[in-house]
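Notes to accompany the following structure.
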Amino acid sequence: MTNVATSVAGAKPAAFRLTTRQREAIAGYLFVAPDAIGLMLFIGLPMVLALGISVFEVDGFGGFRFVGAANYIRMWNDPLFWQSLGVTVRFMVMLVPLLYVMGLGLALLVQRTSKFNTVMRSMFFAPQMVSLVVVALVWQLMVVDKLGVLTRFAASIGLGGISFLGDPNIALFTVTLAAVWFLMGFYMLIFLGGLQDIPRELYEAARIDGASSTQSFFSITLPLLRPTSFFVLLTSSVAAVTGAQAFDLIYVMTRGGPANSTALLISYIYAQAFQYSAFGYAAALAALLVVLLMVITVFFFVVTKGGRFDYE
Amino acid sequence: MIKSNMPAGWSRRSILKGGTALAAAGLTMPLVGKAFGQDNALSFWQFYAPDGEVKPQVEWFVKMVNDWNAAQPDQVKLEYVVGSEYISGTKLATSFASGQGPDIFIISPGDFLRYYNGGVLHDLTPSIEEAARADFPESVIANRMVDGKIFGVPMEVEPMAFYYSVKAFEDAGLNENDVPQTWDQLLEVGKKLTTAERYGVLFETNPGYYQNFTWYPFMWQGGGEFQTADGKSAFDSPATVAALKLWQEAVNSGAAPRQMLGGGGGDIVANLGSGYCAMQNVGIWGISAMDNNAPDVPYGIFKLPVPTGGKYVTVGGGWAFVANAKGKNPEAAAKFIAWALASMAPDSVQRVVDWCTVAKSDMPPRNSALTAGGEAFNKGKMGIFSKDIHPGTRAEPRVPPEVYKIISDAIQATQLGGADPQATATAASQQLDAFLESYAGAPIL
């Protein structure tokens, strides 16, 4: 028996022998498996479950009741939903261009390699190393009524009495500035990478042809930065819509006030789920948010032909 | 031959094997830990102990649980949750949503209906003796009761008042005789106390349960309510409009800020203590906060001013122990709560006294504790509360989150958004009626 078993284990039938290509494929799948399983378990599955509970009334204490599309219909008649969607759109419209301009501007300023520029790059990136809660508290102190540094500066140029976080007409802009200050170092690094990929010869040729710095910027730098710009615009738009990074900032600085003027859609979803225990409605709102993000992403992909550019 | 860049002795197969082993270990470790870590003790979630920062409060909780555990078979285990996470984070909500809520926890009146209507509050009545039940004044216990049954035992009563800076008064040529007694005087004195670097009077400006809590007495003082006895909205009333207008005028006149320092309107040290404002609307906890963190700042206390023709009333908040009806052993949890805070045994009464005088500076929720505490409740600034302020205390309303939000939006829109108080009250009242019409939970009080 032992001999038979050994011979069976030792001599694999030819039919089960894998080709090199098949073995490569299996190894490839196995290496990808941890990421794929993780994504499916922690991103894919919750998304499917969230979509599932969006058609239920879920009270947060184990009670489920099928309501069909009622949660989606409720959105239509919910003024707070529309208000928070409006705030989110305004936040995105302010944040994305400001981040783009600041990130690119800083990258252009510090792109040349020198000790001074290295220090400056570190300083611009430094806010990323600090907790967002701390950033929010520091900004809160800088703009506090009467006593804040920026409030005093505003008073010195004739804007006395301004309340950066207490006035519903200004608060969202103030929060956006704080978010830009926090995020611009990260986008500066992305643009620096893009700038370093542009061949120097192109600038030299342009200079020999008599092009000015401005002409070089608009004819060489900006066109060749299109892949980087695509990435920056897409990720900053997603960050603005999902409130990623801004959620903590807004919670600490204004708690969505004054008068709901800084209440983003993501904050409203959070409130519905964890303050009102309306998990079903929150899931429906989250599903809509995902659709919104997909629309933005598809828009960028269509405009840029899938992220590819004509010179590639 | 392809040159591999992997370290010597490593192969693709060995990496896959190692990775699989690590993944298997990672997945099974929690199960092993859970098997060894089975704990039948009743979990008690709160934001005080054992890892809280205020030593007397930590000691009070630890002693209470140790005393219980030494004499009872059903053990209780304290589990600390950071205050901000407990009050406005996701931990408590997600624990109940996943069916793993704590056995015992603490809630404020603002959260009572959410948990009661969710069916997770256990009836504590059978565990509380009748004499102890009668020891809780109706104004304190009513908002923790449904249909005559007790679902929460209060630990404390925290009435709201005004604190003022003695120095700010002196700088403005005022003294304690100028302490405002009416709303008009409050605005007038507030303006006098306002300087280039200081606000005269401070009301909470951050939206939230706390802002609503601090605004209610101003609505009540003129006879306003948010709900009629038959369950309809009463928000559109002259008293409500006047209360909204008061807070709006304070901001519009420049006497009150639109933004606050530190932890907001409940943080007296960061605002009154720092000189940011001269008068601040804060609760009784302000005494211990000032004594511990700003001992060199002289201050006084006065009760809430009233509108012309109005009646003095303030609001009293405070947290309560509750038992999870879906917990491991709700009966044992109820017995623990009754033993801790609602028994006529001397140690139970003394525990309430200690919480309100040693661990905190609060009014006790029980008549016997007020008597047993004696001088501690009558001396110094606590005496102002027990004699002048607390007698007019009305319990914090318990409202569903939807009602809270409607009222919060009305306050924010008028106070900071510049909206017309009458139009805002009318619109809010319509929203309230729409909600109350379909509301099917426990009575809103």
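Identifiers for the structure tokens are assigned positionally: chains receive A, B, ... in sequence, residues are indexed from 1 per chain, and ligands are indexed from 1 in the order shown.
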
Kindly provide, as a list in words, the residues of chain A having any atom no farther than 8 Å from an atom of chain B, counting only C-alpha atoms. Leu30, Phe31, Asp59, Gly60, Phe61, Gly62, Leu141, Val144, Asp145, Lys146, Leu147, Ser163, Leu165, Gly166, Asp167, Pro168, Thr254, Arg255, Gly256, Gly257, Pro258, Ala259, Asn260, Phe274, Gln275, Tyr276 and Ser277 of chain A

Env of A:Val138: 12 Å cut, atoms = only C-alpha atoms, seq-sep filter 6 positions within chain, self excluded. Answer as a PyMOL selection string. (chain A and resi 127+130-132+144+148-150+178+181-182+249+252-253) or (chain B and resi 261-262)

Could you state the separation of atom CA of A:Pro223 and atom CA of A:Thr297 in Å, given to one decimal place? 20.7 Å

Between atom CA of B:Asp74 and atom CA of B:Lys335, measure the distance and give it in Å to one decimal.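 Rounded to one decimal, the two atoms are 9.8 Å apart.
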
Neighbours of A:Ile220 within 9 Å (only C-alpha atoms; same-chain residues fewer than 5 positions away dropped), as a ChimeraX atom specification? /A:198,202-203,206,215,225
